[in-house]
$ cat protein04.pdb   # PDB, C-alpha atoms
MODEL        1
ATOM      1  CA  MET I   1      12.295  16.846   2.499
ATOM      2  CA  ASP I   2      11.761  13.489   4.126
ATOM      3  CA  SER I   3      10.211  12.803   7.485
ATOM      4  CA  ALA I   4      13.585  12.599   9.213
ATOM      5  CA  GLU I   5      14.168  16.256   8.357
ATOM      6  CA  ASP I   6      10.696  17.752   8.420
ATOM      7  CA  PRO I   7       9.060  17.970  11.850
ATOM      8  CA  THR I   8       5.709  18.612  10.181
ATOM      9  CA  ALA I   9       5.761  15.448   8.074
ATOM     10  CA  ILE I  10       2.358  13.782   7.867
ATOM     11  CA  SER I  11       2.575  10.071   8.599
ATOM     12  CA  HIS I  12      -0.718   8.749   7.250
ATOM     13  CA  VAL I  13      -4.441   9.189   6.726
ATOM     14  CA  GLN I  14      -5.612   8.746  10.316
ATOM     15  CA  GLU I  15      -9.372   9.131   9.809
ATOM     16  CA  ALA I  16     -11.592   8.746   6.795
ATOM     17  CA  VAL I  17     -15.250   9.723   7.094
ATOM     18  CA  LEU I  18     -18.474   8.546   5.527
ATOM     19  CA  TYR I  19     -21.851  10.203   6.132
ATOM     20  CA  VAL I  20     -24.627   7.691   6.605
ATOM     21  CA  ALA I  21     -28.379   7.603   7.069
ATOM     22  CA  ASP I  22     -28.510   4.946   9.794
ATOM     23  CA  LEU I  23     -25.582   4.518  12.183
ATOM     24  CA  ASP I  24     -26.650   1.092  13.445
ATOM     25  CA  ARG I  25     -27.096  -0.286   9.944
ATOM     26  CA  SER I  26     -23.748   1.055   8.763
ATOM     27  CA  ALA I  27     -21.806  -0.011  11.844
ATOM     28  CA  ALA I  28     -23.246  -3.517  11.492
ATOM     29  CA  PHE I  29     -22.203  -3.609   7.838
ATOM     30  CA  TYR I  30     -18.646  -2.469   8.471
ATOM     31  CA  THR I  31     -18.237  -4.884  11.354
ATOM     32  CA  ALA I  32     -19.842  -7.947   9.785
ATOM     33  CA  VAL I  33     -18.759  -7.537   6.184
ATOM     34  CA  LEU I  34     -15.451  -5.710   6.555
ATOM     35  CA  GLY I  35     -14.394  -6.953   9.973
ATOM     36  CA  LEU I  36     -13.851  -3.470  11.429
ATOM     37  CA  PRO I  37     -14.520  -3.438  15.188
ATOM     38  CA  GLN I  38     -16.575  -0.566  16.551
ATOM     39  CA  THR I  39     -14.342   0.869  19.247
ATOM     40  CA  TYR I  40     -16.290   3.942  20.229
ATOM     41  CA  ALA I  41     -19.700   5.532  19.752
ATOM     42  CA  ILE I  42     -21.088   8.997  20.314
ATOM     43  CA  ASP I  43     -24.557  10.276  19.457
ATOM     44  CA  GLU I  44     -23.563  11.378  15.983
ATOM     45  CA  ALA I  45     -20.824   8.900  15.098
ATOM     46  CA  ARG I  46     -19.367   5.425  15.258
ATOM     47  CA  PHE I  47     -15.622   4.810  15.229
ATOM     48  CA  MET I  48     -14.614   1.697  13.312
ATOM     49  CA  GLN I  49     -11.022   0.602  13.927
ATOM     50  CA  THR I  50      -9.113   0.098  10.693
ATOM     51  CA  GLY I  51      -5.931  -1.854  11.258
ATOM     52  CA  THR I  52      -3.356  -0.518  13.693
ATOM     53  CA  ASP I  53      -3.324   3.242  13.162
ATOM     54  CA  SER I  54      -6.408   4.485  11.342
ATOM     55  CA  THR I  55     -10.158   4.702  11.778
ATOM     56  CA  LEU I  56     -13.242   4.957   9.644
ATOM     57  CA  ILE I  57     -15.740   7.327  11.239
ATOM     58  CA  LEU I  58     -19.385   6.956  10.314
ATOM     59  CA  PHE I  59     -21.295  10.207  10.889
ATOM     60  CA  ARG I  60     -24.978  11.020  10.817
ATOM     61  CA  VAL I  61     -25.115  14.392   9.098
ATOM     62  CA  GLN I  62     -28.262  15.596  10.828
ATOM     63  CA  GLU I  63     -26.757  14.937  14.233
ATOM     64  CA  ILE I  64     -23.490  16.676  13.428
ATOM     65  CA  GLU I  65     -25.424  19.774  12.457
ATOM     66  CA  ALA I  66     -27.396  19.648  15.689
ATOM     67  CA  ARG I  67     -24.554  18.871  18.046
ATOM     68  CA  ASP I  68     -23.301  21.125  20.765
ATOM     69  CA  SER I  69     -19.581  20.557  20.366
ATOM     70  CA  PRO I  70     -16.436  22.640  20.029
ATOM     71  CA  ILE I  71     -15.266  20.360  17.191
ATOM     72  CA  PRO I  72     -15.596  22.099  13.814
ATOM     73  CA  SER I  73     -18.668  20.979  11.941
ATOM     74  CA  HIS I  74     -18.838  19.185   8.618
ATOM     75  CA  GLY I  75     -21.284  17.018   6.719
ATOM     76  CA  ALA I  76     -21.511  15.987   3.075
ATOM     77  CA  THR I  77     -24.172  14.300   0.997
ATOM     78  CA  GLY I  78     -23.954  11.938  -1.946
ATOM     79  CA  PRO I  79     -21.990   8.791  -2.653
ATOM     80  CA  ALA I  80     -18.388   9.100  -1.504
ATOM     81  CA  HIS I  81     -15.447   6.737  -1.747
ATOM     82  CA  VAL I  82     -13.095   5.078   0.664
ATOM     83  CA  CYS I  83     -10.354   2.545   0.032
ATOM     84  CA  PHE I  84      -8.906   0.076   2.519
ATOM     85  CA  GLY I  85      -5.646  -1.817   2.203
ATOM     86  CA  VAL I  86      -5.724  -5.602   2.215
ATOM     87  CA  ALA I  87      -3.047  -8.223   1.658
ATOM     88  CA  PRO I  88      -2.377  -8.912  -2.033
ATOM     89  CA  GLU I  89      -3.081 -12.623  -1.528
ATOM     90  CA  ALA I  90      -6.449 -11.909   0.147
ATOM     91  CA  MET I  91      -8.527 -11.303  -2.967
ATOM     92  CA  ASP I  92     -10.027 -14.796  -3.208
ATOM     93  CA  ALA I  93     -10.856 -14.763   0.491
ATOM     94  CA  TRP I  94     -12.498 -11.374   0.019
ATOM     95  CA  ARG I  95     -14.591 -12.589  -2.911
ATOM     96  CA  ALA I  96     -15.799 -15.445  -0.717
ATOM     97  CA  ARG I  97     -16.455 -13.201   2.276
ATOM     98  CA  LEU I  98     -18.455 -10.680   0.243
ATOM     99  CA  GLY I  99     -20.424 -13.523  -1.308
ATOM    100  CA  GLU I 100     -21.253 -14.972   2.107
ATOM    101  CA  HIS I 101     -22.751 -11.619   3.075
ATOM    102  CA  GLY I 102     -24.655 -11.204  -0.184
ATOM    103  CA  VAL I 103     -22.616  -8.140  -1.143
ATOM    104  CA  ALA I 104     -22.356  -7.793  -4.906
ATOM    105  CA  ILE I 105     -18.959  -6.966  -6.375
ATOM    106  CA  GLU I 106     -19.496  -3.969  -8.660
ATOM    107  CA  HIS I 107     -16.096  -4.024 -10.335
ATOM    108  CA  GLU I 108     -12.640  -5.548 -10.090
ATOM    109  CA  HIS I 109      -9.611  -3.772 -11.428
ATOM    110  CA  ASP I 110      -6.106  -4.870 -12.380
ATOM    111  CA  TRP I 111      -3.658  -1.991 -12.032
ATOM    112  CA  PRO I 112      -0.622  -1.708 -14.331
ATOM    113  CA  LEU I 113       1.979  -2.697 -11.730
ATOM    114  CA  GLY I 114       0.243  -5.964 -10.867
ATOM    115  CA  THR I 115      -1.966  -4.862  -8.009
ATOM    116  CA  HIS I 116      -5.698  -5.435  -7.793
ATOM    117  CA  SER I 117      -8.853  -3.807  -6.395
ATOM    118  CA  ILE I 118     -12.362  -5.034  -5.590
ATOM    119  CA  TYR I 119     -15.223  -2.505  -5.487
ATOM    120  CA  PHE I 120     -18.652  -2.781  -3.888
ATOM    121  CA  ARG I 121     -21.269  -0.505  -2.282
ATOM    122  CA  ASP I 122     -22.088   0.030   1.370
ATOM    123  CA  PRO I 123     -25.701   0.444   2.592
ATOM    124  CA  ASP I 124     -25.696   4.170   1.692
ATOM    125  CA  GLY I 125     -24.308   3.570  -1.788
ATOM    126  CA  HIS I 126     -20.790   4.710  -0.908
ATOM    127  CA  SER I 127     -18.149   3.139  -3.132
ATOM    128  CA  VAL I 128     -15.904   0.913  -1.033
ATOM    129  CA  GLU I 129     -12.645  -0.369  -2.474
ATOM    130  CA  LEU I 130     -10.396  -3.101  -1.161
ATOM    131  CA  MET I 131      -6.972  -2.598  -2.680
ATOM    132  CA  ASP I 132      -3.729  -4.514  -2.538
ATOM    133  CA  ASN I 133      -1.892  -2.760   0.273
ATOM    134  CA  THR I 134       1.382  -2.776  -1.652
ATOM    135  CA  HIS I 135      -0.135  -0.658  -4.452
ATOM    136  CA  TYR I 136       1.072   2.828  -3.569
ATOM    137  CA  ARG I 137       4.565   1.766  -2.581
ATOM    138  CA  LYS I 138       4.892   0.140  -5.988
ATOM    139  CA  VAL I 139       3.503   3.165  -7.813
ATOM    140  CA  TRP I 140       5.725   5.610  -5.939
ATOM    141  CA  ALA I 141       8.818   3.452  -6.471
ATOM    142  CA  ARG I 142       8.112   3.392 -10.202
ATOM    143  CA  LEU I 143       7.573   7.143 -10.327
ATOM    144  CA  ARG I 144      10.917   7.701  -8.557
ATOM    145  CA  GLU I 145      12.671   5.660 -11.237
ATOM    146  CA  ARG I 146      11.566   8.026 -13.979
TER
ATOM    147  CA  MET X   1      -9.670 -12.809  15.167
ATOM    148  CA  ASP X   2      -6.405 -10.972  14.641
ATOM    149  CA  SER X   3      -4.669 -10.271  11.381
ATOM    150  CA  ALA X   4      -2.385 -13.283  11.745
ATOM    151  CA  GLU X   5      -5.441 -15.520  11.586
ATOM    152  CA  ASP X   6      -7.791 -13.631   9.298
ATOM    153  CA  PRO X   7      -6.731 -13.517   5.646
ATOM    154  CA  THR X   8      -9.267 -10.744   5.032
ATOM    155  CA  ALA X   9      -7.877  -8.407   7.704
ATOM    156  CA  ILE X  10      -7.878  -4.778   6.595
ATOM    157  CA  SER X  11      -4.526  -3.127   7.245
ATOM    158  CA  HIS X  12      -5.336   0.581   6.992
ATOM    159  CA  VAL X  13      -7.255   3.375   5.332
ATOM    160  CA  GLN X  14      -5.440   3.452   2.012
ATOM    161  CA  GLU X  15      -7.297   6.324   0.310
ATOM    162  CA  ALA X  16      -9.338   9.173   1.670
ATOM    163  CA  VAL X  17     -11.212  11.386  -0.780
ATOM    164  CA  LEU X  18     -12.240  15.024  -0.863
ATOM    165  CA  TYR X  19     -14.383  16.554  -3.615
ATOM    166  CA  VAL X  20     -13.135  19.955  -4.686
ATOM    167  CA  ALA X  21     -14.136  22.781  -6.996
ATOM    168  CA  ASP X  22     -10.677  23.534  -8.438
ATOM    169  CA  LEU X  23      -8.088  20.763  -8.685
ATOM    170  CA  ASP X  24      -5.116  23.089  -9.203
ATOM    171  CA  ARG X  25      -6.049  25.247  -6.231
ATOM    172  CA  SER X  26      -6.555  22.269  -3.946
ATOM    173  CA  ALA X  27      -3.434  20.409  -5.053
ATOM    174  CA  ALA X  28      -1.383  23.565  -4.470
ATOM    175  CA  PHE X  29      -2.860  23.916  -0.988
ATOM    176  CA  TYR X  30      -2.193  20.323   0.027
ATOM    177  CA  THR X  31       1.347  20.448  -1.320
ATOM    178  CA  ALA X  32       2.353  23.867   0.021
ATOM    179  CA  VAL X  33       0.523  23.896   3.324
ATOM    180  CA  LEU X  34       0.431  20.192   4.227
ATOM    181  CA  GLY X  35       3.553  19.024   2.414
ATOM    182  CA  LEU X  36       1.793  16.244   0.490
ATOM    183  CA  PRO X  37       3.510  15.599  -2.849
ATOM    184  CA  GLN X  38       1.286  15.212  -5.885
ATOM    185  CA  THR X  39       2.358  11.877  -7.304
ATOM    186  CA  TYR X  40      -0.191  11.403 -10.042
ATOM    187  CA  ALA X  41      -2.855  13.331 -11.931
ATOM    188  CA  ILE X  42      -5.744  12.338 -14.163
ATOM    189  CA  ASP X  43      -8.391  14.579 -15.683
ATOM    190  CA  GLU X  44     -10.730  14.257 -12.740
ATOM    191  CA  ALA X  45      -8.324  13.763  -9.841
ATOM    192  CA  ARG X  46      -5.034  14.482  -8.145
ATOM    193  CA  PHE X  47      -3.260  11.922  -5.972
ATOM    194  CA  MET X  48      -1.501  13.417  -2.970
ATOM    195  CA  GLN X  49       0.924  11.040  -1.255
ATOM    196  CA  THR X  50       0.282  10.823   2.473
ATOM    197  CA  GLY X  51       3.214   9.247   4.279
ATOM    198  CA  THR X  52       4.333   5.776   3.295
ATOM    199  CA  ASP X  53       1.130   3.845   2.597
ATOM    200  CA  SER X  54      -1.848   6.110   2.041
ATOM    201  CA  THR X  55      -3.087   8.771  -0.326
ATOM    202  CA  LEU X  56      -5.475  11.688  -0.319
ATOM    203  CA  ILE X  57      -7.353  11.835  -3.609
ATOM    204  CA  LEU X  58      -8.824  15.163  -4.687
ATOM    205  CA  PHE X  59     -11.696  14.675  -7.129
ATOM    206  CA  ARG X  60     -13.636  17.122  -9.249
ATOM    207  CA  VAL X  61     -17.209  15.883  -8.954
ATOM    208  CA  GLN X  62     -18.338  17.124 -12.347
ATOM    209  CA  GLU X  63     -15.523  15.282 -14.082
ATOM    210  CA  ILE X  64     -16.160  12.040 -12.236
ATOM    211  CA  GLU X  65     -19.742  12.128 -13.397
ATOM    212  CA  ALA X  66     -18.663  12.731 -16.978
ATOM    213  CA  ARG X  67     -15.843  10.244 -17.143
ATOM    214  CA  ASP X  68     -15.727   7.208 -19.346
ATOM    215  CA  SER X  69     -14.204   4.747 -16.902
ATOM    216  CA  PRO X  70     -14.905   1.266 -15.606
ATOM    217  CA  ILE X  71     -14.200   2.484 -12.054
ATOM    218  CA  PRO X  72     -17.444   2.802 -10.061
ATOM    219  CA  SER X  73     -18.636   6.387  -9.835
ATOM    220  CA  HIS X  74     -19.029   8.498  -6.734
ATOM    221  CA  GLY X  75     -19.188  12.175  -5.845
ATOM    222  CA  ALA X  76     -20.371  14.042  -2.757
ATOM    223  CA  THR X  77     -21.054  17.668  -1.988
ATOM    224  CA  GLY X  78     -20.693  19.695   1.176
ATOM    225  CA  PRO X  79     -17.954  20.107   3.740
ATOM    226  CA  ALA X  80     -16.327  16.782   4.610
ATOM    227  CA  HIS X  81     -13.605  15.866   7.048
ATOM    228  CA  VAL X  82     -10.226  14.213   6.866
ATOM    229  CA  CYS X  83      -7.644  13.669   9.582
ATOM    230  CA  PHE X  84      -3.920  13.143   9.102
ATOM    231  CA  GLY X  85      -1.484  11.730  11.634
ATOM    232  CA  VAL X  86       1.453  13.889  12.734
ATOM    233  CA  ALA X  87       4.132  13.410  15.371
ATOM    234  CA  PRO X  88       2.958  14.381  18.867
ATOM    235  CA  GLU X  89       5.866  16.814  19.220
ATOM    236  CA  ALA X  90       5.036  18.539  15.916
ATOM    237  CA  MET X  91       2.195  20.779  17.099
ATOM    238  CA  ASP X  92       4.263  23.944  17.566
ATOM    239  CA  ALA X  93       5.904  23.439  14.185
ATOM    240  CA  TRP X  94       2.448  23.004  12.672
ATOM    241  CA  ARG X  95       1.121  26.187  14.272
ATOM    242  CA  ALA X  96       4.071  28.032  12.768
ATOM    243  CA  ARG X  97       3.664  26.401   9.362
ATOM    244  CA  LEU X  98      -0.046  27.179   9.158
ATOM    245  CA  GLY X  99       0.667  30.762  10.234
ATOM    246  CA  GLU X 100       3.296  31.164   7.511
ATOM    247  CA  HIS X 101       0.674  30.180   4.953
ATOM    248  CA  GLY X 102      -2.013  32.422   6.416
ATOM    249  CA  VAL X 103      -4.181  29.438   7.321
ATOM    250  CA  ALA X 104      -6.337  30.187  10.363
ATOM    251  CA  ILE X 105      -6.581  27.540  13.045
ATOM    252  CA  GLU X 106     -10.288  26.992  13.669
ATOM    253  CA  HIS X 107      -9.956  24.891  16.806
ATOM    254  CA  GLU X 108      -7.446  22.960  18.888
ATOM    255  CA  HIS X 109      -8.478  20.028  20.997
ATOM    256  CA  ASP X 110      -6.913  18.191  23.919
ATOM    257  CA  TRP X 111      -8.124  14.604  24.055
ATOM    258  CA  PRO X 112      -8.500  12.775  27.378
ATOM    259  CA  LEU X 113      -5.458  10.517  26.987
ATOM    260  CA  GLY X 114      -3.069  13.403  26.389
ATOM    261  CA  THR X 115      -3.189  13.645  22.616
ATOM    262  CA  HIS X 116      -3.917  16.817  20.665
ATOM    263  CA  SER X 117      -5.545  17.927  17.401
ATOM    264  CA  ILE X 118      -5.374  21.106  15.297
ATOM    265  CA  TYR X 119      -8.287  21.899  12.952
ATOM    266  CA  PHE X 120      -8.423  24.236   9.957
ATOM    267  CA  ARG X 121     -10.261  24.544   6.632
ATOM    268  CA  ASP X 122      -9.044  23.789   3.138
ATOM    269  CA  PRO X 123      -9.980  25.996   0.135
ATOM    270  CA  ASP X 124     -13.341  24.208  -0.260
ATOM    271  CA  GLY X 125     -14.226  24.510   3.411
ATOM    272  CA  HIS X 126     -13.439  20.883   4.204
ATOM    273  CA  SER X 127     -12.467  20.361   7.836
ATOM    274  CA  VAL X 128      -8.851  19.198   8.009
ATOM    275  CA  GLU X 129      -7.477  17.811  11.254
ATOM    276  CA  LEU X 130      -3.880  17.152  12.209
ATOM    277  CA  MET X 131      -3.893  14.691  15.064
ATOM    278  CA  ASP X 132      -1.187  13.173  17.215
ATOM    279  CA  ASN X 133      -0.450   9.937  15.414
ATOM    280  CA  THR X 134      -0.327   7.967  18.673
ATOM    281  CA  HIS X 135      -3.959   8.843  19.461
ATOM    282  CA  TYR X 136      -5.797   5.727  18.343
ATOM    283  CA  ARG X 137      -3.250   3.272  19.685
ATOM    284  CA  LYS X 138      -3.646   4.940  23.081
ATOM    285  CA  VAL X 139      -7.439   4.918  22.894
ATOM    286  CA  TRP X 140      -7.599   1.282  21.805
ATOM    287  CA  ALA X 141      -5.133   0.202  24.498
ATOM    288  CA  ARG X 142      -7.275   1.924  27.125
ATOM    289  CA  LEU X 143     -10.447   0.312  25.800
ATOM    290  CA  ARG X 144      -8.812  -3.133  25.947
ATOM    291  CA  GLU X 145      -7.994  -2.604  29.618
ATOM    292  CA  ARG X 146     -11.666  -2.258  30.513
TER
ENDMDL
END
$ encode --input "protein04.pdb" --output "structure tokens"
Amino acid sequence: MDSAEDPTAISHVQEAVLYVADLDRSAAFYTAVLGLPQTYAIDEARFMQTGTDSTLILFRVQEIEARDSPIPSHGATGPAHVCFGVAPEAMDAWRARLGEHGVAIEHEHDWPLGTHSIYFRDPDGHSVELMDNTHYRKVWARLRER
Amino acid sequence: MDSAEDPTAISHVQEAVLYVADLDRSAAFYTAVLGLPQTYAIDEARFMQTGTDSTLILFRVQEIEARDSPIPSHGATGPAHVCFGVAPEAMDAWRARLGEHGVAIEHEHDWPLGTHSIYFRDPDGHSVELMDNTHYRKVWARLRER
């Protein structure tokens, strides 16, 4: 059932979350290194705009647990993963940008259909990936051909 | 600097991750209840297509830690959060769909600019949110007016 037929079709990942030790430190990292503007802040979180329709939310676990809010609680520990889409031709510019900020590239990966990813760590040790933003369309097109 | 000028502009959240105890159980939940097709599977993960350009990846933490892979490792524990965009007019259809699957709605939220969210839990207790997919564009437009 495609989205034209299914009123409950999900359009996209609208928020991804990372739990961090220091909101100021993490917001500064995501703004300076990744270019994500902070659009909103509450005691326990910072909202980092990610392109036109999605947001990375940085949460302080301790403050979520303490908050007086009707929003359902959550809070995880340990190194998580998030992946952001970037233009396929942006990889050299990204290598330069990460280098300018002293961020070490942990791994680069060539995927079978010609797309590429760059991996590095944020200040909490979360694994951040910058991936060719044509990757999934290519993968899904190939899977449909089978 | 907008995306037309900045070669390193990030376009969107391309992957969000949840760590789960039972891959089959979680994949079945996200396919049946949320309508996300499983497009790919590896020993430690299931890839659930989310609209046209993003993916939810379900990982088994134990298997990530054990894997022999060049991809940087990660793995978190505890209840996390993910939010998916849905059409603003889809909320009644979503209430019905969740009810058909016996999924309890934990909370509903009206946001100040007229958008709405529905919250429920997945089999691991992760907080899943379905949010009007016009929410962030409205928030960002309002912030720019200030």
$ interface_residues --input "protein04.pdb" --of "chain I" --to "chain X" --cutoff "8 Å" --atoms "all atoms listed in the file" --output "ChimeraX atom specification"
/I:7-17,34-36,39,50-56,70-87,90,93-94,106-107,109,119,126-127,131,133-134,136-137,140,143
$ calpha_fit_rmsd --input "protein04.pdb" --fixed "chain X" --moving "chain I"
0.0 Å
$ atom_distance --input "protein04.pdb" --atom1 "CA of Ala28 (chain I)" --atom2 "CA of Ala104 (chain I)"
17.0 Å
$ residues_around --input "protein04.pdb" --residues "Gln38 (chain X)" --least-positions-apart "3" --cutoff "7 Å" --atoms "all atoms listed in the file" --output "PyMOL selection string"
chain X and resi 31+46-49
$ axis_aligned_box --input "protein04.pdb" --around "region 72-87 of chain X" --padding-each-side "6 Å" --output "AutoDock Vina command-line options"
--center_x -8.5 --center_y 11.5 --center_z 2.7 --size_x 37.2 --size_y 29.3 --size_z 37.4
$ atom_distance --input "protein04.pdb" --atom1 "CA of Ile42 (chain X)" --atom2 "CA of Val103 (chain X)"
27.5 Å
$ atom_distance --input "protein04.pdb" --atom1 "CA of Gly102 (chain I)" --atom2 "CA of Arg60 (chain I)"
24.8 Å
$ residues_around --input "protein04.pdb" --residues "Glu44 (chain X)" --least-positions-apart "5" --cutoff "6 Å" --atoms "only C-alpha atoms" --output "count of residues only"
4
$ residues_around --input "protein04.pdb" --residues "Arg25 (chain I)" --least-positions-apart "4" --cutoff "12 Å" --atoms "only C-alpha atoms" --output "ChimeraX atom specification"
/I:20-21,29-33,46,58,60,122-124
